[in-house]
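Trainee: Hey, dropping my_file01.cif in here, mmCIF, C-alpha atoms:
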data_coords
#
loop_
_atom_site.label_atom_id
_atom_site.label_comp_id
_atom_site.auth_asym_id
_atom_site.auth_seq_id
_atom_site.Cartn_x
_atom_site.Cartn_y
_atom_site.Cartn_z
CA MET A 29 -14.97 -7.85 -16.47
CA SER A 30 -16.49 -7.68 -12.98
CA SER A 31 -18.38 -4.89 -11.23
CA SER A 32 -17.36 -6.30 -7.84
CA ILE A 33 -13.97 -6.77 -6.21
CA GLU A 34 -12.44 -10.19 -6.69
CA GLU A 35 -9.60 -11.95 -4.87
CA ASN A 36 -7.05 -13.60 -7.17
CA TRP A 37 -4.01 -15.75 -6.36
CA VAL A 38 -0.97 -15.64 -8.62
CA ASN A 39 2.23 -17.65 -8.53
CA CYS A 40 4.95 -15.01 -8.31
CA TYR A 41 8.31 -14.58 -6.59
CA GLY A 42 8.30 -18.16 -5.33
CA ALA A 43 4.89 -18.10 -3.66
CA LYS A 44 1.21 -17.39 -4.27
CA SER A 45 0.39 -13.68 -4.18
CA CYS A 46 -2.98 -11.99 -3.69
CA VAL A 47 -4.17 -9.42 -6.21
CA MET A 48 -7.51 -7.71 -5.59
CA THR A 49 -9.20 -6.65 -8.83
CA LEU A 50 -12.11 -4.36 -9.71
CA GLY A 51 -13.10 -4.10 -13.36
CA LYS A 52 -11.02 -6.21 -15.71
CA ASP A 53 -9.53 -9.14 -13.82
CA LEU A 54 -6.33 -11.13 -14.32
CA GLU A 55 -7.66 -13.53 -16.92
CA ASN A 56 -5.65 -13.10 -20.11
CA SER A 57 -4.61 -9.66 -18.81
CA LEU A 58 -1.56 -9.40 -21.07
CA LYS A 59 -4.01 -9.13 -23.97
CA THR A 60 -7.11 -7.53 -22.43
CA LEU A 61 -5.14 -4.59 -20.98
CA GLU A 62 -3.15 -3.81 -24.10
CA ASN A 63 -3.29 -0.04 -24.81
CA SER A 64 -5.75 0.55 -21.95
CA GLU A 65 -5.65 2.22 -18.53
CA LEU A 66 -4.85 0.45 -15.26
CA PHE A 67 -4.71 1.73 -11.69
CA ILE A 68 -2.48 -0.23 -9.29
CA ILE A 69 -2.52 0.29 -5.52
CA VAL A 70 0.57 -0.58 -3.48
CA PRO A 71 -0.55 -0.80 0.17
CA GLY A 72 1.13 0.32 3.34
CA ASN A 73 2.34 -2.11 5.99
CA PRO A 74 0.38 -4.35 6.76
CA GLY A 75 0.20 -4.99 3.05
CA LEU A 76 -3.21 -6.57 2.57
CA GLY A 77 -4.93 -5.47 -0.62
CA SER A 78 -8.25 -6.53 0.89
CA MET A 79 -8.00 -3.63 3.36
CA TYR A 80 -8.34 -1.21 0.40
CA GLN A 81 -11.70 -2.38 -0.93
CA ASP A 82 -13.61 0.72 0.21
CA PHE A 83 -10.96 2.93 -1.37
CA MET A 84 -11.04 0.95 -4.64
CA THR A 85 -14.83 1.05 -4.91
CA SER A 86 -15.05 4.75 -4.07
CA LEU A 87 -12.29 5.70 -6.53
CA HIS A 88 -13.91 3.61 -9.26
CA THR A 89 -17.30 5.25 -8.68
CA SER A 90 -15.80 8.74 -8.49
CA LEU A 91 -14.01 8.39 -11.82
CA GLY A 92 -17.19 7.19 -13.53
CA LYS A 93 -15.41 4.79 -15.89
CA PRO A 94 -17.16 1.40 -15.69
CA ASP A 95 -14.44 -0.35 -17.70
CA LEU A 96 -11.51 1.05 -15.70
CA PRO A 97 -9.57 -1.72 -13.90
CA ILE A 98 -8.29 -0.97 -10.41
CA TRP A 99 -6.01 -3.54 -8.79
CA SER A 100 -4.32 -3.82 -5.42
CA PHE A 101 -1.09 -5.80 -4.99
CA SER A 102 -0.88 -7.43 -1.55
CA TYR A 103 2.55 -7.92 -0.02
CA ILE A 104 4.08 -11.35 -0.28
CA GLY A 105 4.07 -12.97 3.18
CA HIS A 106 1.30 -10.69 4.48
CA ASP A 107 -1.53 -12.77 3.03
CA SER A 108 -1.96 -16.43 2.14
CA GLU A 109 -4.74 -18.76 1.06
CA HIS A 110 -3.82 -21.38 3.65
CA PRO A 111 -1.41 -19.97 6.25
CA PRO A 112 0.06 -22.42 8.76
CA ILE A 113 -0.92 -22.11 12.41
CA PHE A 114 2.69 -21.84 13.54
CA PRO A 115 4.93 -18.94 12.43
CA THR A 116 7.03 -21.04 10.07
CA ASP A 117 6.61 -19.12 6.81
CA ARG A 118 9.49 -17.24 5.23
CA THR A 119 9.76 -13.55 6.05
CA TYR A 120 10.32 -10.80 3.47
CA ILE A 121 12.06 -7.44 3.78
CA LEU A 122 11.44 -4.20 1.87
CA GLU A 123 13.70 -5.18 -1.02
CA ASP A 124 11.73 -8.41 -1.49
CA GLN A 125 8.49 -6.44 -1.71
CA ILE A 126 9.97 -4.13 -4.36
CA GLN A 127 11.12 -7.06 -6.48
CA HIS A 128 7.77 -8.80 -5.94
CA LYS A 129 5.79 -5.82 -7.26
CA LEU A 130 8.06 -5.52 -10.29
CA ALA A 131 7.60 -9.24 -10.94
CA LEU A 132 3.80 -8.90 -10.74
CA LEU A 133 3.94 -5.97 -13.15
CA GLU A 134 5.97 -7.99 -15.64
CA LYS A 135 3.76 -11.07 -15.28
CA LEU A 136 0.34 -9.42 -15.47
CA VAL A 137 0.57 -6.06 -17.23
CA PRO A 138 1.31 -5.44 -20.93
CA ARG A 139 4.04 -2.93 -21.62
CA LYS A 140 1.77 -0.53 -23.51
CA THR A 141 -0.76 -0.21 -20.69
CA LYS A 142 -1.10 3.34 -19.30
CA ILE A 143 -0.45 2.77 -15.59
CA THR A 144 -1.41 4.97 -12.65
CA LEU A 145 0.35 3.91 -9.44
CA ILE A 146 -1.18 4.76 -6.06
CA GLY A 147 0.97 4.22 -2.99
CA HIS A 148 0.05 4.42 0.67
CA SER A 149 2.65 4.90 3.41
CA ILE A 150 5.64 2.61 2.71
CA GLY A 151 3.95 1.66 -0.55
CA CYS A 152 5.13 5.06 -1.78
CA LYS A 153 8.76 4.11 -1.20
CA ILE A 154 8.16 0.83 -3.04
CA ILE A 155 6.70 2.77 -5.98
CA MET A 156 9.74 5.06 -6.02
CA GLU A 157 11.95 2.00 -6.44
CA MET A 158 9.60 0.54 -9.06
CA PHE A 159 9.76 3.80 -11.00
CA LYS A 160 13.56 3.94 -10.74
CA ARG A 161 14.08 0.35 -11.89
CA ASN A 162 11.30 0.12 -14.47
CA LYS A 163 12.64 -0.11 -18.03
CA THR A 164 9.60 -1.53 -19.79
CA HIS A 165 6.22 -0.15 -18.69
CA GLU A 166 4.52 3.21 -19.17
CA ILE A 167 3.90 4.87 -15.81
CA HIS A 168 1.49 7.71 -16.53
CA GLU A 169 0.59 9.14 -13.11
CA ILE A 170 1.65 8.54 -9.48
CA PHE A 171 -0.26 9.36 -6.31
CA PHE A 172 1.36 9.14 -2.86
CA LEU A 173 -1.03 9.02 0.10
CA PHE A 174 0.47 9.80 3.53
CA PRO A 175 3.95 8.92 2.18
CA THR A 176 6.74 7.45 4.29
CA ILE A 177 9.67 8.05 1.98
CA GLU A 178 12.36 9.44 4.29
CA ASN A 179 13.88 9.06 7.76
CA MET A 180 11.17 6.88 9.26
CA MET A 181 13.14 6.21 12.44
CA SER A 182 13.24 9.93 13.21
CA THR A 183 9.44 10.25 13.32
CA VAL A 184 7.26 10.02 16.41
CA ARG A 185 5.68 6.77 15.24
CA GLY A 186 9.01 5.36 14.17
CA ARG A 187 10.48 5.81 17.64
CA GLN A 188 7.34 4.34 19.22
CA THR A 189 7.41 1.31 16.91
CA TRP A 190 11.09 0.42 17.23
CA PRO A 191 10.82 -1.49 20.57
CA LEU A 192 7.98 -3.62 19.15
CA VAL A 193 9.91 -4.66 16.05
CA SER A 194 13.29 -5.08 17.74
CA THR A 195 12.66 -6.27 21.31
CA TRP A 196 9.08 -7.49 21.58
CA ARG A 197 8.51 -9.12 18.17
CA TYR A 198 8.57 -12.72 19.37
CA LEU A 199 6.20 -11.97 22.26
CA ALA A 200 3.78 -10.18 19.92
CA VAL A 201 3.86 -13.09 17.46
CA PHE A 202 3.24 -15.55 20.31
CA ILE A 203 0.22 -13.56 21.53
CA VAL A 204 -1.26 -13.55 18.01
CA PHE A 205 -0.58 -17.29 17.79
CA LEU A 206 -2.74 -17.75 20.90
CA LEU A 207 -5.45 -15.45 19.51
CA ASN A 208 -5.46 -17.39 16.26
CA ILE A 209 -6.66 -20.48 18.13
CA LEU A 210 -9.87 -18.70 19.16
CA PRO A 211 -13.10 -19.07 17.12
CA SER A 212 -13.30 -16.72 14.14
CA ALA A 213 -16.64 -15.33 15.35
CA PHE A 214 -15.01 -14.21 18.60
CA LEU A 215 -12.06 -12.72 16.72
CA ARG A 216 -14.49 -10.79 14.54
CA PHE A 217 -16.27 -9.52 17.66
CA ILE A 218 -13.10 -8.19 19.33
CA THR A 219 -11.90 -6.71 16.04
CA ARG A 220 -15.20 -4.90 15.66
CA GLN A 221 -14.77 -3.50 19.19
CA LYS A 222 -11.36 -2.10 18.27
CA TYR A 223 -12.41 -0.70 14.88
CA GLY A 224 -15.96 0.35 15.63
CA GLN A 225 -16.37 2.70 12.65
CA ALA A 226 -14.71 0.43 10.10
CA SER A 227 -16.58 -1.17 7.21
CA ASP A 228 -17.38 -4.88 7.07
CA SER A 229 -14.79 -5.39 4.34
CA PHE A 230 -12.03 -3.90 6.50
CA ILE A 231 -13.12 -5.96 9.53
CA SER A 232 -13.03 -9.15 7.45
CA ALA A 233 -9.52 -8.30 6.24
CA ALA A 234 -8.36 -7.45 9.76
CA VAL A 235 -9.71 -10.75 11.13
CA LYS A 236 -7.93 -12.68 8.38
CA PHE A 237 -4.74 -10.87 9.33
CA ILE A 238 -4.78 -12.40 12.85
CA ASN A 239 -2.16 -15.03 12.07
CA PRO A 240 1.37 -15.25 13.52
CA ASN A 241 2.96 -15.63 10.07
CA PHE A 242 1.41 -12.41 8.82
CA LEU A 243 2.31 -10.42 11.93
CA ASN A 244 5.87 -11.79 11.88
CA ASN A 245 6.25 -10.59 8.31
CA VAL A 246 4.80 -7.17 9.14
CA LEU A 247 7.21 -6.67 12.04
CA VAL A 248 10.28 -7.96 10.17
CA MET A 249 9.52 -5.65 7.27
CA ALA A 250 8.80 -2.70 9.58
CA LYS A 251 12.20 -3.13 11.27
CA ASP A 252 13.86 -3.17 7.87
CA GLU A 253 11.98 -0.02 6.84
CA LEU A 254 13.07 1.83 9.97
CA GLU A 255 16.68 0.84 9.40
CA ASN A 256 16.82 1.55 5.67
CA VAL A 257 14.38 4.33 4.71
CA LEU A 258 16.76 7.20 5.35
CA ASP A 259 17.39 10.44 3.44
CA LEU A 260 14.94 11.50 0.75
CA ASP A 261 15.79 10.14 -2.70
CA VAL A 262 15.74 13.55 -4.35
CA GLU A 263 16.98 12.32 -7.72
CA THR A 264 14.07 9.90 -8.16
CA ILE A 265 11.45 12.42 -7.03
CA GLN A 266 12.92 14.94 -9.47
CA LYS A 267 12.42 12.46 -12.30
CA MET A 268 8.81 11.98 -11.19
CA VAL A 269 7.92 15.67 -11.44
CA GLY A 270 4.98 16.10 -13.81
CA LYS A 271 3.63 12.69 -12.86
CA ILE A 272 3.71 12.68 -9.04
CA HIS A 273 1.05 14.02 -6.65
CA LEU A 274 1.41 13.71 -2.87
CA TYR A 275 -1.19 13.91 -0.10
CA TYR A 276 0.07 14.61 3.43
CA GLY A 277 -1.73 14.33 6.74
CA GLU A 278 -2.07 17.45 8.84
CA ASP A 279 -0.79 15.64 11.92
CA ASP A 280 0.86 12.42 10.73
CA GLY A 281 3.22 10.71 13.15
CA TRP A 282 4.85 8.81 10.29
CA SER A 283 5.18 11.67 7.82
CA PRO A 284 5.30 15.11 9.47
CA LEU A 285 4.72 18.26 7.45
CA SER A 286 8.39 19.14 7.90
CA TYR A 287 9.08 16.30 5.45
CA ARG A 288 6.78 17.96 2.93
CA GLU A 289 8.68 21.22 3.42
CA ASN A 290 11.95 19.39 2.89
CA LEU A 291 10.58 17.78 -0.28
CA LEU A 292 9.51 21.12 -1.76
CA ARG A 293 12.83 22.66 -0.81
CA GLU A 294 14.90 19.83 -2.31
CA VAL A 295 12.73 19.52 -5.44
CA PRO A 296 11.86 23.13 -6.38
CA ASP A 297 10.38 22.03 -9.72
CA LEU A 298 7.55 20.28 -7.85
CA ASP A 299 4.44 22.48 -7.71
CA THR A 300 3.13 23.01 -4.18
CA ASP A 301 -0.33 22.04 -5.46
CA ASP A 302 1.11 18.59 -6.19
CA ALA A 303 1.97 18.20 -2.49
CA ARG A 304 -1.39 18.81 -0.84
CA ILE A 305 -2.23 18.77 2.86
CA ASP A 306 -5.33 17.02 4.15
CA THR A 307 -7.81 19.27 5.96
CA ASN A 308 -10.34 16.58 6.87
CA GLY A 309 -8.62 15.10 9.91
CA ILE A 310 -7.94 11.83 8.10
CA SER A 311 -5.45 9.57 9.85
CA HIS A 312 -2.38 7.91 8.38
CA ALA A 313 -4.14 4.52 8.47
CA PHE A 314 -7.04 5.87 6.41
CA VAL A 315 -8.20 2.42 5.30
CA GLU A 316 -9.59 1.77 8.78
CA ASP A 317 -12.52 4.17 8.46
CA ASP A 318 -11.85 6.71 5.69
CA GLY A 319 -11.17 4.57 2.64
CA GLU A 320 -14.29 5.79 0.89
CA ARG A 321 -13.50 9.45 1.57
CA VAL A 322 -9.90 9.19 0.38
CA GLY A 323 -11.09 7.39 -2.76
CA ASN A 324 -13.32 10.38 -3.51
CA ILE A 325 -10.47 12.82 -2.81
CA VAL A 326 -8.14 11.05 -5.24
CA GLY A 327 -10.92 10.69 -7.82
CA ASP A 328 -11.72 14.41 -7.63
CA TRP A 329 -8.03 15.25 -7.94
CA ILE A 330 -7.69 13.13 -11.09
CA LYS A 331 -10.79 14.71 -12.64
CA GLU A 332 -9.53 18.18 -11.70
CA LYS A 333 -6.26 17.47 -13.49
CA GLY A 334 -8.15 16.28 -16.54
CA THR A 335 -9.93 19.61 -16.90
CA LYS A 336 -6.74 21.67 -16.90
#
If you convert what's in this file into C-alpha cells, what do you get?
Mentor:
Amino acid sequence: MSSSIEENWVNCYGAKSCVMTLGKDLENSLKTLENSELFIIVPGNPGLGSMYQDFMTSLHTSLGKPDLPIWSFSYIGHDSEHPPIFPTDRTYILEDQIQHKLALLEKLVPRKTKITLIGHSIGCKIIMEMFKRNKTHEIHEIFFLFPTIENMMSTVRGRQTWPLVSTWRYLAVFIVFLLNILPSAFLRFITRQKYGQASDSFISAAVKFINPNFLNNVLVMAKDELENVLDLDVETIQKMVGKIHLYYGEDDGWSPLSYRENLLREVPDLDTDDARIDTNGISHAFVEDDGERVGNIVGDWIKEKGTK
C-alpha cells in the first residue's frame, strides 16, 4: 500500500495502459482487493489519469480512509511510456475505450470488490456503457462530474470543436509534432504560461501530453464522440437510479443545464438532489485548477450520503 500516487503500466487491449493508483496498488490486486472498496476514475478527453492527481489526493484526504484505494484509468492511446516522435500509433474510438475499461476491470479487480465509479465528461458516457455491459462486478455508487452523455454536437463547445476534429486535425497534429522537438524545459515554461494557476502535477501531465500521437488520438476520439453521443440513454440511467449522482456546471458549454432538465424529466425517479448544480464557478475542465476543490466536493457528498 502506498500513501503517494504511483504510475503503473499494464498490458491490456493489445497495448500497455497507464493506471494511476493511490492506496493499494496493482500488485496481486485480484487478491488484495477481495471484499474491499475501490474507487475508479474514468477521465474526460484527453484521457490522462495523471491529470487527476490533485482530485485523487483531495478525495482520499476528504474521505479519511487511509486504506481506501483510488485508481484512475488512462485512455489507451492517450498515454504511453515511450511514444514515437512521429504520429504512427494506432488511434482508438469511443467504443475501444469502453472495451478497454471493461478489460482493465476484468484483469485487475476481483468480482466481489465494492466499486465506486467516478466519471468526468465523456468518461461518464463510458461508465454508462460499462454499467450496461457489466455482468460480473459489483458497482456500488456512480458519480458523474460535468457529464457529456447526450447530443454533444448540439452544444456550444461541440459546434466549436467540430472544425478542429474534422478539417484541421492534421494541421494541429503537425504543429504538435514541431513543438515536441523543442526542449522539455521550454515546453514546461510555455505550458505554465497557459495554465498559470495549475498545480505542478497537472503541468507535468500536460507537458507529457505534447506528443502528436496523443493529440491525434484525442481528436479522432472527439470526432467519434460528436458523431455518436446522441440522445440520452434513458433506459440505462433509469437502471442507475439509487446509485448515480450527477454534478453539473452552472455554465458548461459541453453540458448545458437544459440537459439536466431533460434528464430529470425523462427519469422522474431520479431525485433532484442527485443532480446537483455547481455554485462555485468551476469549469468543465476542472482538473486544470480545481481538482482539489472538486475532490472535496465529492468527498463531502459521499460522507453526507453515509449519514442519511
Trainee: For Ile121 (chain A), which residue among A:Leu247, A:Ala313, A:Val326, A:Leu87 is the nearest when counting only C-alpha atoms?
Mentor: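 For Ile121 (chain A), the nearest of the candidates is A:Leu247.
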Trainee: Region 241-332 of chain A near region 182-185 of chain A within 9 Å: what's each residue's closest atom pair and its distance in Å to one decimal, counting only C-alpha atoms, ordered by chain then ascending residue number, as a tab-separated table?
Mentor:
residue	atom	partner	partner_atom	distance
A:Leu254	CA	A:Ser182	CA	8.7
A:Asp280	CA	A:Arg185	CA	8.7
A:Gly281	CA	A:Arg185	CA	5.1
A:Trp282	CA	A:Arg185	CA	5.4
A:Ser283	CA	A:Thr183	CA	7.1
A:Pro284	CA	A:Thr183	CA	7.5
Trainee: Evaluated on this file, the PyMOL selection byres ((chain A and resi 272) around 9) picks out some residues - which ones are they, written as a ChimeraX atom specification?
Mentor: /A:169-172,265,268-271,273-274,298,302-303
Trainee: How many Å lie between CA of Ala233 (chain A) and CA of Ser64 (chain A), rounded to one decimal?
Mentor: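 About the pair CA of Ala233 (chain A) and CA of Ser64 (chain A): they are 29.8 Å apart.
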Trainee: Check what the PyMOL selection byres ((chain A and resi 208) around 8) selects in the file above and give those residues as a PDB file with C-alpha atoms, in the coordinates of the input.
Mentor:
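Result file is expr36.pdb:
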ATOM      1  CA  ILE A 113      -0.920 -22.110  12.410  1.00  0.00           C
ATOM      2  CA  VAL A 204      -1.260 -13.550  18.010  1.00  0.00           C
ATOM      3  CA  PHE A 205      -0.580 -17.290  17.790  1.00  0.00           C
ATOM      4  CA  LEU A 206      -2.740 -17.750  20.900  1.00  0.00           C
ATOM      5  CA  LEU A 207      -5.450 -15.450  19.510  1.00  0.00           C
ATOM      6  CA  ILE A 209      -6.660 -20.480  18.130  1.00  0.00           C
ATOM      7  CA  LEU A 210      -9.870 -18.700  19.160  1.00  0.00           C
ATOM      8  CA  PRO A 211     -13.100 -19.070  17.120  1.00  0.00           C
ATOM      9  CA  ILE A 238      -4.780 -12.400  12.850  1.00  0.00           C
ATOM     10  CA  ASN A 239      -2.160 -15.030  12.070  1.00  0.00           C
ATOM     11  CA  PRO A 240       1.370 -15.250  13.520  1.00  0.00           C
TER      12      PRO A 240
END
Trainee: List every residue of region 117-161 of chain A that has an atom at most 12 Å from any atom of region 80-86 of chain A, and for each one report the closest atom pair and its distance in Å to one decimal, counting only C-alpha atoms, with rows sorted by chain and then by increasing residue number, as JSON lines.
Mentor:
{"residue": "A:Ile146", "atom": "CA", "partner": "A:Met84", "partner_atom": "CA", "distance": 10.7}
{"residue": "A:Gly147", "atom": "CA", "partner": "A:Tyr80", "partner_atom": "CA", "distance": 11.3}
{"residue": "A:His148", "atom": "CA", "partner": "A:Tyr80", "partner_atom": "CA", "distance": 10.1}
Trainee: For CA of Leu145 (chain A) and CA of Val193 (chain A), determine how far apart the two atoms are, in Å to one decimal place.
Mentor: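 Spanning CA of Leu145 (chain A) to CA of Val193 (chain A) is a straight-line distance of 28.5 Å.
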Trainee: Which residues are close to Lys222 (chain A), i.e. within 12 Å by only C-alpha atoms, leaving aside same-chain residues fewer than 6 positions away? Reply as a ChimeraX atom specification.
Mentor: /A:215-216,230-231,234-235,316-317
Trainee: Place a sphere of radius 8 Å on (3.5, -0.3, -7.3) in the file coordinates and name every protein, DNA or RNA residue with an atom inside or on its surface, counting all atoms listed in the file; give the answer as a PyMOL selection string.
Mentor: chain A and resi 68-70+101+129-130+145-147+151-152+154-155+158
Trainee: Between A:Leu54, A:Glu278, A:Arg321, A:Lys93, single out the one closest to Gly309 (chain A), counting all atoms listed in the file.
Mentor: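 Looking only at the distances to Gly309 (chain A), the closest residue turns out to be A:Glu278.
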Trainee: Quick one: residues within 8 Å of His106 (chain A), all atoms listed in the file counted, chain neighbours fewer than 5 positions away excluded, as a short mmCIF file (atom, residue, chain, number, x, y, z; two decimals) with C-alpha atoms, keeping the file's coordinate frame?
Mentor:
data_model
loop_
_atom_site.label_atom_id
_atom_site.label_comp_id
_atom_site.auth_asym_id
_atom_site.auth_seq_id
_atom_site.Cartn_x
_atom_site.Cartn_y
_atom_site.Cartn_z
CA PRO A 74 0.38 -4.35 6.76
CA GLY A 75 0.20 -4.99 3.05
CA LEU A 76 -3.21 -6.57 2.57
CA PHE A 237 -4.74 -10.87 9.33
CA ASN A 241 2.96 -15.63 10.07
CA PHE A 242 1.41 -12.41 8.82
CA LEU A 243 2.31 -10.42 11.93
CA ASN A 245 6.25 -10.59 8.31
CA VAL A 246 4.80 -7.17 9.14
#
Trainee: With the PyMOL selection byres ((chain A and resi 275) around 6) as the selection, what would be picked from this file? Answer as JSON, numbers by chain, please.
Mentor: {"A": [173, 174, 274, 276, 303, 304, 305]}
Trainee: What's the separation between CA of Gly77 (chain A) and CA of Asp306 (chain A), in Å to one decimal place?
Mentor: 23.0 Å
Trainee: Measuring atom to atom with all atoms listed in the file, identify which of A:Met181, A:Leu96, A:Ala200, A:Ile150 is nearest to Gly72 (chain A).
Mentor: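 Of A:Met181, A:Leu96, A:Ala200, A:Ile150, the one nearest Gly72 (chain A), counting all atoms listed in the file, is A:Ile150.
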Trainee: Which is closer to Lys59 (chain A) than all the others in A:Lys135, A:Asp95, A:Trp37, A:Pro115, using all atoms listed in the file?
Mentor: A:Lys135
Trainee: Kindly indicate which residue among A:Leu136, A:Leu258, A:Leu66, A:Ile126 lies nearest to Asn36 (chain A), using all atoms listed in the file for the distances.
Mentor: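 Result for the nearest residue to Asn36 (chain A): A:Leu136.
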